[in-house]
Amino acid sequence: MNGIERTLIRRIFDSAPPGSINLGLGQPDLPTPPRISLAGIDGIVKGKTGYTSTAGDPAVRAAVAARYPGVASGAASVVITIGSQEAVFASAMTLVDAGDDVLVPDPGYPAYPVVAALLGARSVTYPLRPERAFRVDPADVLSRLTPRTRLVILCSPSNPTGAMDQEADLEALALELRRREIPWLSDEIYSGFAYDRPAPSISRFAPEGGLVVAGLSKDLSMTGWRVGWVVGPEAIVAR
């Protein structure tokens, strides 16, 4: 853990005086919808508080799989995690070894390089340029691939910029990564915040080429419930 510190955004959040307006952490300003809260209370009262299978309750996994037609073949394609951040970490542990390179967006979620460092890997940034409205440029990603690259992390809609990648760019990137046999990890925790059109996913163009992570924290105001998931090919998800 030497060299691993709290991120600047977390340090600012922790030190902010009472009454400050939070423009930092991705915390919705609405409470969890009442019917969800009541269902949670009902589950506790009915004793649904014991262990599940390691990968999560099969019914929950099947419900998540139904959200990803063409990517998930069923419950076996899904693992439930403690929020989407654990999904990122578990996915990286599955795909990355010490000494490997992991490509991460810049600007991007600060946990990505931390995860790489914890695994003994090297994080290599690719730029999200303002002249492209902070959308990914496949050329920027591909130019940074090395023989040691084992994972490319994408986040769309982006944390922190809110940019939503374009289908043509994701398709070009997916096809080239598949040709080079380099997996991707698509962080789609903010996909519920696409208003004019559905947020495109790289999984549409290469469903066997990587893993999708998401969860309930953002669009359902359930950050403290810690429910996330990873979706992908059964052989990888089983690991």
# chains A, B, ... in the order shown; residues from 1 in each chain; ligands from 1
>>> closest_atom_pairs(of="region 140-225 of chain A", to="region 55-74 of chain A", cutoff="10 Å", atoms="only C-alpha atoms", output="tab-separated table")
residue	atom	partner	partner_atom	distance
A:Ser203	CA	A:Val71	CA	6.8
A:Arg204	CA	A:Gly70	CA	7.5
A:Phe205	CA	A:Val71	CA	9.9
A:Ala206	CA	A:Val71	CA	8.8
A:Pro207	CA	A:Val71	CA	5.1
A:Glu208	CA	A:Val71	CA	7.3
A:Gly209	CA	A:Val71	CA	9.9
A:Gly210	CA	A:Val71	CA	9.7
A:Leu211	CA	A:Val71	CA	9.1
A:Val212	CA	A:Val71	CA	8.9
A:Ala214	CA	A:Val64	CA	9.9
A:Gly215	CA	A:Val64	CA	9.2
>>> select_by_dssp(residues="region 53-145 of chain A", states="strand (DSSP E)", output="ChimeraX atom specification")
/A:78-81,101-106,122-127
>>> write_last_selection(atoms="all heavy atoms", output="short mmCIF file (atom, residue, chain, number, x, y, z; two decimals), in the first residue's frame")
data_model
loop_
_atom_site.label_atom_id
_atom_site.label_comp_id
_atom_site.auth_asym_id
_atom_site.auth_seq_id
_atom_site.Cartn_x
_atom_site.Cartn_y
_atom_site.Cartn_z
N VAL A 78 -22.88 -13.23 -15.13
CA VAL A 78 -22.93 -12.09 -14.22
C VAL A 78 -22.38 -12.46 -12.86
O VAL A 78 -22.64 -13.55 -12.34
CB VAL A 78 -24.39 -11.59 -14.06
CG1 VAL A 78 -24.46 -10.43 -13.06
CG2 VAL A 78 -24.98 -11.19 -15.40
N VAL A 79 -21.62 -11.54 -12.26
CA VAL A 79 -21.23 -11.64 -10.86
C VAL A 79 -21.67 -10.35 -10.18
O VAL A 79 -21.41 -9.25 -10.69
CB VAL A 79 -19.71 -11.84 -10.69
CG1 VAL A 79 -19.29 -11.63 -9.24
CG2 VAL A 79 -19.30 -13.22 -11.16
N ILE A 80 -22.33 -10.47 -9.03
CA ILE A 80 -22.74 -9.32 -8.24
C ILE A 80 -21.58 -8.93 -7.33
O ILE A 80 -20.96 -9.79 -6.70
CB ILE A 80 -24.00 -9.64 -7.42
CG1 ILE A 80 -25.13 -10.14 -8.34
CG2 ILE A 80 -24.45 -8.41 -6.64
CD1 ILE A 80 -25.56 -9.16 -9.40
N THR A 81 -21.31 -7.63 -7.25
CA THR A 81 -20.17 -7.15 -6.48
C THR A 81 -20.59 -6.07 -5.50
O THR A 81 -21.71 -5.58 -5.53
CB THR A 81 -19.09 -6.57 -7.43
OG1 THR A 81 -19.68 -5.51 -8.20
CG2 THR A 81 -18.55 -7.64 -8.35
N ASP A 101 0.68 -3.65 -18.64
CA ASP A 101 0.23 -2.29 -18.86
C ASP A 101 -1.30 -2.26 -18.89
O ASP A 101 -1.93 -3.15 -19.49
CB ASP A 101 0.75 -1.72 -20.18
CG ASP A 101 2.21 -1.33 -20.11
OD1 ASP A 101 2.79 -1.37 -19.01
OD2 ASP A 101 2.78 -0.99 -21.17
N VAL A 102 -1.88 -1.24 -18.26
CA VAL A 102 -3.32 -1.01 -18.27
C VAL A 102 -3.56 0.39 -18.80
O VAL A 102 -3.04 1.37 -18.23
CB VAL A 102 -3.94 -1.15 -16.87
CG1 VAL A 102 -5.44 -0.87 -16.90
CG2 VAL A 102 -3.67 -2.55 -16.30
N LEU A 103 -4.32 0.53 -19.87
CA LEU A 103 -4.63 1.85 -20.43
C LEU A 103 -5.83 2.44 -19.72
O LEU A 103 -6.87 1.76 -19.59
CB LEU A 103 -4.88 1.75 -21.93
CG LEU A 103 -3.66 2.01 -22.83
CD1 LEU A 103 -2.58 0.97 -22.58
CD2 LEU A 103 -4.05 2.04 -24.29
N VAL A 104 -5.70 3.68 -19.27
CA VAL A 104 -6.76 4.36 -18.53
C VAL A 104 -7.00 5.74 -19.12
O VAL A 104 -6.07 6.37 -19.63
CB VAL A 104 -6.42 4.47 -17.02
CG1 VAL A 104 -6.21 3.09 -16.42
CG2 VAL A 104 -5.19 5.34 -16.80
N PRO A 105 -8.23 6.24 -19.07
CA PRO A 105 -8.53 7.56 -19.65
C PRO A 105 -8.01 8.70 -18.77
O PRO A 105 -7.95 8.58 -17.54
CB PRO A 105 -10.06 7.58 -19.73
CG PRO A 105 -10.49 6.65 -18.63
CD PRO A 105 -9.45 5.58 -18.55
N ASP A 106 -7.67 9.83 -19.43
CA ASP A 106 -7.25 11.03 -18.74
C ASP A 106 -7.89 12.24 -19.41
O ASP A 106 -7.58 12.52 -20.57
CB ASP A 106 -5.72 11.16 -18.79
CG ASP A 106 -5.22 12.42 -18.10
OD1 ASP A 106 -5.94 12.94 -17.22
OD2 ASP A 106 -4.11 12.88 -18.44
N ARG A 122 1.35 -1.28 -14.58
CA ARG A 122 1.64 0.11 -14.91
C ARG A 122 0.44 0.71 -15.63
O ARG A 122 -0.05 0.15 -16.60
CB ARG A 122 2.87 0.18 -15.80
CG ARG A 122 3.30 1.61 -16.16
CD ARG A 122 4.57 1.60 -16.99
NE ARG A 122 4.37 1.12 -18.35
CZ ARG A 122 4.67 1.80 -19.45
NH1 ARG A 122 5.21 3.01 -19.35
NH2 ARG A 122 4.48 1.28 -20.64
N SER A 123 -0.05 1.85 -15.14
CA SER A 123 -1.15 2.53 -15.82
C SER A 123 -0.58 3.47 -16.86
O SER A 123 0.36 4.23 -16.60
CB SER A 123 -2.02 3.30 -14.83
OG SER A 123 -1.27 4.27 -14.13
N VAL A 124 -1.12 3.38 -18.06
CA VAL A 124 -0.72 4.23 -19.19
C VAL A 124 -1.95 5.04 -19.59
O VAL A 124 -2.99 4.47 -19.92
CB VAL A 124 -0.23 3.38 -20.37
CG1 VAL A 124 0.12 4.27 -21.56
CG2 VAL A 124 0.97 2.53 -19.96
N THR A 125 -1.85 6.37 -19.55
CA THR A 125 -3.01 7.20 -19.84
C THR A 125 -3.15 7.46 -21.34
O THR A 125 -2.17 7.56 -22.06
CB THR A 125 -2.91 8.55 -19.12
OG1 THR A 125 -1.75 9.26 -19.56
CG2 THR A 125 -2.86 8.35 -17.61
N TYR A 126 -4.40 7.53 -21.78
CA TYR A 126 -4.69 8.03 -23.12
C TYR A 126 -5.58 9.26 -22.96
O TYR A 126 -6.44 9.30 -22.08
CB TYR A 126 -5.35 6.97 -24.00
CG TYR A 126 -6.69 6.46 -23.51
CD1 TYR A 126 -7.88 7.10 -23.84
CD2 TYR A 126 -6.79 5.30 -22.73
CE1 TYR A 126 -9.11 6.63 -23.42
CE2 TYR A 126 -8.00 4.82 -22.30
CZ TYR A 126 -9.17 5.48 -22.64
OH TYR A 126 -10.38 5.01 -22.21
N PRO A 127 -5.38 10.30 -23.77
CA PRO A 127 -6.08 11.57 -23.52
C PRO A 127 -7.51 11.57 -24.03
O PRO A 127 -7.83 10.97 -25.05
CB PRO A 127 -5.23 12.57 -24.31
CG PRO A 127 -4.68 11.77 -25.45
CD PRO A 127 -4.42 10.39 -24.89
#
>>> atom_distance(atom1="CA of Gly192 (chain A)", atom2="CA of Pro28 (chain A)")
12.4 Å
>>> residues_around(residues="Pro34 (chain A)", least_positions_apart="6", cutoff="12 Å", atoms="only C-alpha atoms", output="number ranges by chain")
A: 40-41, 220-222
>>> residues_around(residues="Pro147 (chain A)", least_positions_apart="2", cutoff="12 Å", atoms="only C-alpha atoms", output="number ranges by chain")
A: 99-102, 142-145, 149-151, 180-182
>>> write_last_selection(atoms="all heavy atoms", output="CSV table (one decimal), in the first residue's frame")
chain,number,residue,atom,x,y,z
A,99,GLY,N,3.5,-6.2,-13.7
A,99,GLY,CA,4.3,-5.9,-14.9
A,99,GLY,C,3.5,-5.6,-16.2
A,99,GLY,O,4.2,-5.2,-17.2
A,100,ASP,N,2.2,-5.9,-16.2
A,100,ASP,CA,1.4,-5.6,-17.4
A,100,ASP,C,1.1,-4.1,-17.5
A,100,ASP,O,1.3,-3.3,-16.5
A,100,ASP,CB,0.1,-6.4,-17.3
A,100,ASP,CG,0.3,-7.9,-17.5
A,100,ASP,OD1,1.4,-8.3,-18.0
A,100,ASP,OD2,-0.6,-8.6,-17.2
A,101,ASP,N,0.7,-3.7,-18.6
A,101,ASP,CA,0.2,-2.3,-18.9
A,101,ASP,C,-1.3,-2.3,-18.9
A,101,ASP,O,-1.9,-3.1,-19.5
A,101,ASP,CB,0.7,-1.7,-20.2
A,101,ASP,CG,2.2,-1.3,-20.1
A,101,ASP,OD1,2.8,-1.4,-19.0
A,101,ASP,OD2,2.8,-1.0,-21.2
A,102,VAL,N,-1.9,-1.2,-18.3
A,102,VAL,CA,-3.3,-1.0,-18.3
A,102,VAL,C,-3.6,0.4,-18.8
A,102,VAL,O,-3.0,1.4,-18.2
A,102,VAL,CB,-3.9,-1.2,-16.9
A,102,VAL,CG1,-5.4,-0.9,-16.9
A,102,VAL,CG2,-3.7,-2.5,-16.3
A,142,LEU,N,-5.0,3.3,-29.5
A,142,LEU,CA,-4.2,2.3,-30.3
A,142,LEU,C,-2.7,2.7,-30.3
A,142,LEU,O,-1.8,1.8,-30.3
A,142,LEU,CB,-4.7,2.2,-31.7
A,142,LEU,CG,-6.2,1.7,-31.8
A,142,LEU,CD1,-6.6,1.6,-33.2
A,142,LEU,CD2,-6.3,0.3,-31.1
A,143,SER,N,-2.4,4.0,-30.3
A,143,SER,CA,-1.0,4.4,-30.4
A,143,SER,C,-0.3,4.2,-29.1
A,143,SER,O,1.0,4.2,-29.1
A,143,SER,CB,-0.9,5.9,-30.7
A,143,SER,OG,-1.4,6.7,-29.7
A,144,ARG,N,-1.0,3.9,-28.0
A,144,ARG,CA,-0.4,3.6,-26.7
A,144,ARG,C,-0.3,2.2,-26.3
A,144,ARG,O,0.1,1.8,-25.3
A,144,ARG,CB,-1.1,4.5,-25.7
A,144,ARG,CG,-0.7,5.9,-25.8
A,144,ARG,CD,-1.8,6.8,-25.1
A,144,ARG,NE,-1.3,8.2,-25.1
A,144,ARG,CZ,-1.4,9.0,-26.1
A,144,ARG,NH1,-2.0,8.6,-27.3
A,144,ARG,NH2,-1.0,10.3,-26.0
A,145,LEU,N,-0.8,1.3,-27.2
A,145,LEU,CA,-0.7,-0.1,-27.0
A,145,LEU,C,0.8,-0.6,-27.1
A,145,LEU,O,1.5,-0.1,-27.9
A,145,LEU,CB,-1.5,-0.9,-28.0
A,145,LEU,CG,-3.1,-0.6,-27.9
A,145,LEU,CD1,-3.7,-1.5,-29.0
A,145,LEU,CD2,-3.6,-0.9,-26.6
A,149,THR,N,0.5,-4.5,-23.0
A,149,THR,CA,-0.9,-4.1,-22.7
A,149,THR,C,-1.8,-5.3,-22.5
A,149,THR,O,-1.9,-6.2,-23.4
A,149,THR,CB,-1.4,-3.2,-23.8
A,149,THR,OG1,-0.5,-2.1,-24.0
A,149,THR,CG2,-2.8,-2.7,-23.5
A,150,ARG,N,-2.5,-5.4,-21.4
A,150,ARG,CA,-3.4,-6.5,-21.1
A,150,ARG,C,-4.8,-6.0,-20.9
A,150,ARG,O,-5.7,-6.9,-20.8
A,150,ARG,CB,-2.9,-7.2,-19.9
A,150,ARG,CG,-1.6,-8.0,-20.1
A,150,ARG,CD,-1.7,-9.1,-21.1
A,150,ARG,NE,-0.4,-9.8,-21.3
A,150,ARG,CZ,0.5,-9.5,-22.2
A,150,ARG,NH1,0.2,-8.4,-23.0
A,150,ARG,NH2,1.6,-10.1,-22.3
A,151,LEU,N,-5.0,-4.7,-20.8
A,151,LEU,CA,-6.4,-4.2,-20.5
A,151,LEU,C,-6.5,-2.8,-20.9
A,151,LEU,O,-5.6,-2.0,-20.7
A,151,LEU,CB,-6.7,-4.4,-19.1
A,151,LEU,CG,-8.2,-4.0,-18.6
A,151,LEU,CD1,-9.2,-4.9,-19.3
A,151,LEU,CD2,-8.3,-4.1,-17.1
A,180,ARG,N,-6.1,-7.7,-32.0
A,180,ARG,CA,-4.9,-7.8,-31.2
A,180,ARG,C,-5.1,-8.7,-30.0
A,180,ARG,O,-4.1,-8.9,-29.2
A,180,ARG,CB,-4.4,-6.4,-30.8
A,180,ARG,CG,-4.1,-5.5,-32.0
A,180,ARG,CD,-3.4,-4.3,-31.6
A,180,ARG,NE,-3.4,-3.2,-32.6
A,180,ARG,CZ,-2.5,-2.2,-32.6
A,180,ARG,NH1,-1.6,-2.1,-31.6
A,180,ARG,NH2,-2.6,-1.3,-33.6
A,181,GLU,N,-6.3,-9.2,-29.7
A,181,GLU,CA,-6.6,-10.0,-28.6
A,181,GLU,C,-6.3,-9.3,-27.3
A,181,GLU,O,-5.7,-9.9,-26.3
A,181,GLU,CB,-5.9,-11.3,-28.7
A,181,GLU,CG,-6.2,-12.2,-29.9
A,181,GLU,CD,-5.6,-13.5,-29.9
A,181,GLU,OE1,-4.5,-13.7,-29.3
A,181,GLU,OE2,-6.1,-14.4,-30.6
A,182,ILE,N,-6.7,-8.0,-27.2
A,182,ILE,CA,-6.5,-7.2,-26.0
A,182,ILE,C,-7.9,-7.0,-25.4
A,182,ILE,O,-8.7,-6.4,-26.1
A,182,ILE,CB,-5.8,-5.9,-26.2
A,182,ILE,CG1,-4.4,-6.2,-26.7
A,182,ILE,CG2,-5.8,-5.0,-25.0
A,182,ILE,CD1,-3.6,-4.9,-27.1
>>> residues_around(residues="region 162-173 of chain A", least_positions_apart="5", cutoff="7 Å", atoms="only C-alpha atoms", output="number ranges by chain")
A: 133-138, 156-157, 199-200, 202, 205
>>> residues_around(residues="Phe13 (chain A)", least_positions_apart="2", cutoff="8 Å", atoms="only C-alpha atoms", output="PDB file with all heavy atoms, in the first residue's frame")
ATOM      1  N   ILE A   9      -9.950  14.391  -4.746  1.00  0.00           N
ATOM      2  CA  ILE A   9     -11.384  14.669  -4.645  1.00  0.00           C
ATOM      3  C   ILE A   9     -11.947  14.146  -3.331  1.00  0.00           C
ATOM      4  O   ILE A   9     -12.797  14.772  -2.688  1.00  0.00           O
ATOM      5  CB  ILE A   9     -12.139  14.088  -5.867  1.00  0.00           C
ATOM      6  CG1 ILE A   9     -13.561  14.624  -5.908  1.00  0.00           C
ATOM      7  CG2 ILE A   9     -12.148  12.568  -5.847  1.00  0.00           C
ATOM      8  CD1 ILE A   9     -14.293  14.260  -7.187  1.00  0.00           C
ATOM      9  N   ARG A  10     -11.443  12.992  -2.870  1.00  0.00           N
ATOM     10  CA  ARG A  10     -11.900  12.445  -1.596  1.00  0.00           C
ATOM     11  C   ARG A  10     -11.379  13.290  -0.429  1.00  0.00           C
ATOM     12  O   ARG A  10     -12.102  13.533   0.545  1.00  0.00           O
ATOM     13  CB  ARG A  10     -11.451  10.991  -1.470  1.00  0.00           C
ATOM     14  CG  ARG A  10     -11.750  10.355  -0.127  1.00  0.00           C
ATOM     15  CD  ARG A  10     -13.217  10.325   0.215  1.00  0.00           C
ATOM     16  NE  ARG A  10     -13.948   9.366  -0.579  1.00  0.00           N
ATOM     17  CZ  ARG A  10     -15.230   9.031  -0.348  1.00  0.00           C
ATOM     18  NH1 ARG A  10     -15.891   9.610   0.640  1.00  0.00           N
ATOM     19  NH2 ARG A  10     -15.846   8.176  -1.119  1.00  0.00           N
ATOM     20  N   ARG A  11     -10.143  13.766  -0.516  1.00  0.00           N
ATOM     21  CA  ARG A  11      -9.593  14.591   0.565  1.00  0.00           C
ATOM     22  C   ARG A  11     -10.370  15.902   0.689  1.00  0.00           C
ATOM     23  O   ARG A  11     -10.640  16.373   1.795  1.00  0.00           O
ATOM     24  CB  ARG A  11      -8.107  14.866   0.330  1.00  0.00           C
ATOM     25  CG  ARG A  11      -7.244  13.611   0.361  1.00  0.00           C
ATOM     26  CD  ARG A  11      -5.777  13.918   0.581  1.00  0.00           C
ATOM     27  NE  ARG A  11      -5.205  14.812  -0.400  1.00  0.00           N
ATOM     28  CZ  ARG A  11      -4.644  14.425  -1.541  1.00  0.00           C
ATOM     29  NH1 ARG A  11      -4.598  13.127  -1.858  1.00  0.00           N
ATOM     30  NH2 ARG A  11      -4.119  15.297  -2.379  1.00  0.00           N
ATOM     31  N   SER A  15     -12.765  17.040   3.972  1.00  0.00           N
ATOM     32  CA  SER A  15     -12.395  18.227   4.737  1.00  0.00           C
ATOM     33  C   SER A  15     -13.368  19.387   4.548  1.00  0.00           C
ATOM     34  O   SER A  15     -13.199  20.448   5.165  1.00  0.00           O
ATOM     35  CB  SER A  15     -10.988  18.691   4.341  1.00  0.00           C
ATOM     36  OG  SER A  15     -10.928  19.041   2.968  1.00  0.00           O
ATOM     37  N   ALA A  16     -14.388  19.219   3.715  1.00  0.00           N
ATOM     38  CA  ALA A  16     -15.324  20.317   3.448  1.00  0.00           C
ATOM     39  C   ALA A  16     -16.142  20.632   4.698  1.00  0.00           C
ATOM     40  O   ALA A  16     -16.606  19.729   5.395  1.00  0.00           O
ATOM     41  CB  ALA A  16     -16.251  19.952   2.306  1.00  0.00           C
ATOM     42  N   ASN A  22     -21.727  20.083  -2.723  1.00  0.00           N
ATOM     43  CA  ASN A  22     -20.854  19.019  -3.219  1.00  0.00           C
ATOM     44  C   ASN A  22     -20.919  18.942  -4.737  1.00  0.00           C
ATOM     45  O   ASN A  22     -21.936  18.534  -5.298  1.00  0.00           O
ATOM     46  CB  ASN A  22     -21.281  17.682  -2.600  1.00  0.00           C
ATOM     47  CG  ASN A  22     -20.448  16.519  -3.122  1.00  0.00           C
ATOM     48  OD1 ASN A  22     -19.397  16.713  -3.724  1.00  0.00           O
ATOM     49  ND2 ASN A  22     -20.926  15.309  -2.880  1.00  0.00           N
ATOM     50  N   GLY A  24     -18.415  17.298  -6.253  1.00  0.00           N
ATOM     51  CA  GLY A  24     -17.343  16.328  -6.455  1.00  0.00           C
ATOM     52  C   GLY A  24     -17.829  14.908  -6.600  1.00  0.00           C
ATOM     53  O   GLY A  24     -17.988  14.394  -7.707  1.00  0.00           O
ATOM     54  N   LEU A  25     -18.070  14.217  -5.507  1.00  0.00           N
ATOM     55  CA  LEU A  25     -18.427  12.800  -5.549  1.00  0.00           C
ATOM     56  C   LEU A  25     -19.730  12.596  -6.311  1.00  0.00           C
ATOM     57  O   LEU A  25     -20.628  13.441  -6.280  1.00  0.00           O
ATOM     58  CB  LEU A  25     -18.564  12.241  -4.132  1.00  0.00           C
ATOM     59  CG  LEU A  25     -17.317  12.281  -3.257  1.00  0.00           C
ATOM     60  CD1 LEU A  25     -17.613  11.656  -1.892  1.00  0.00           C
ATOM     61  CD2 LEU A  25     -16.158  11.546  -3.928  1.00  0.00           C
TER      62      LEU A  25
END
>>> closest_residue(among="A:Ala139, A:Ile36, A:Ala75, A:Leu128", to="Ser53 (chain A)", atoms="only C-alpha atoms")
A:Ala75
>>> select_by_dssp(residues="region 101-134 of chain A", states="helix (DSSP H, G or I)", output="PDB file with N, CA and C atoms, in the first residue's frame")
ATOM      1  N   ALA A 111      -9.784   5.854  -9.448  1.00  0.00           N
ATOM      2  CA  ALA A 111      -9.550   4.492  -8.975  1.00  0.00           C
ATOM      3  C   ALA A 111      -8.830   3.625 -10.005  1.00  0.00           C
ATOM      4  N   TYR A 112      -8.943   3.961 -11.299  1.00  0.00           N
ATOM      5  CA  TYR A 112      -8.343   3.095 -12.319  1.00  0.00           C
ATOM      6  C   TYR A 112      -6.829   2.938 -12.135  1.00  0.00           C
ATOM      7  N   PRO A 113      -6.048   4.019 -12.062  1.00  0.00           N
ATOM      8  CA  PRO A 113      -4.615   3.830 -11.860  1.00  0.00           C
ATOM      9  C   PRO A 113      -4.270   3.224 -10.507  1.00  0.00           C
ATOM     10  N   VAL A 114      -5.107   3.466  -9.496  1.00  0.00           N
ATOM     11  CA  VAL A 114      -4.863   2.869  -8.186  1.00  0.00           C
ATOM     12  C   VAL A 114      -4.997   1.350  -8.264  1.00  0.00           C
ATOM     13  N   VAL A 115      -6.027   0.880  -8.948  1.00  0.00           N
ATOM     14  CA  VAL A 115      -6.214  -0.565  -9.122  1.00  0.00           C
ATOM     15  C   VAL A 115      -4.997  -1.171  -9.823  1.00  0.00           C
ATOM     16  N   ALA A 116      -4.525  -0.520 -10.879  1.00  0.00           N
ATOM     17  CA  ALA A 116      -3.351  -1.019 -11.587  1.00  0.00           C
ATOM     18  C   ALA A 116      -2.150  -1.087 -10.655  1.00  0.00           C
ATOM     19  N   ALA A 117      -1.950  -0.046  -9.858  1.00  0.00           N
ATOM     20  CA  ALA A 117      -0.808  -0.016  -8.942  1.00  0.00           C
ATOM     21  C   ALA A 117      -0.900  -1.124  -7.901  1.00  0.00           C
ATOM     22  N   LEU A 118      -2.093  -1.372  -7.382  1.00  0.00           N
ATOM     23  CA  LEU A 118      -2.262  -2.427  -6.380  1.00  0.00           C
ATOM     24  C   LEU A 118      -1.930  -3.804  -6.943  1.00  0.00           C
ATOM     25  N   PRO A 130     -10.354  17.963 -25.255  1.00  0.00           N
ATOM     26  CA  PRO A 130     -11.486  18.899 -25.282  1.00  0.00           C
ATOM     27  C   PRO A 130     -11.967  19.204 -26.687  1.00  0.00           C
ATOM     28  N   GLU A 131     -11.063  19.192 -27.674  1.00  0.00           N
ATOM     29  CA  GLU A 131     -11.503  19.488 -29.041  1.00  0.00           C
ATOM     30  C   GLU A 131     -12.379  18.367 -29.610  1.00  0.00           C
ATOM     31  N   ARG A 132     -12.396  17.213 -28.970  1.00  0.00           N
ATOM     32  CA  ARG A 132     -13.302  16.123 -29.349  1.00  0.00           C
ATOM     33  C   ARG A 132     -14.450  16.001 -28.347  1.00  0.00           C
TER      34      ARG A 132
END
>>> atom_distance(atom1="CA of Gln85 (chain A)", atom2="CA of Val213 (chain A)")
8.5 Å
>>> atom_distance(atom1="CA of Asp187 (chain A)", atom2="CA of Asp97 (chain A)")
20.1 Å
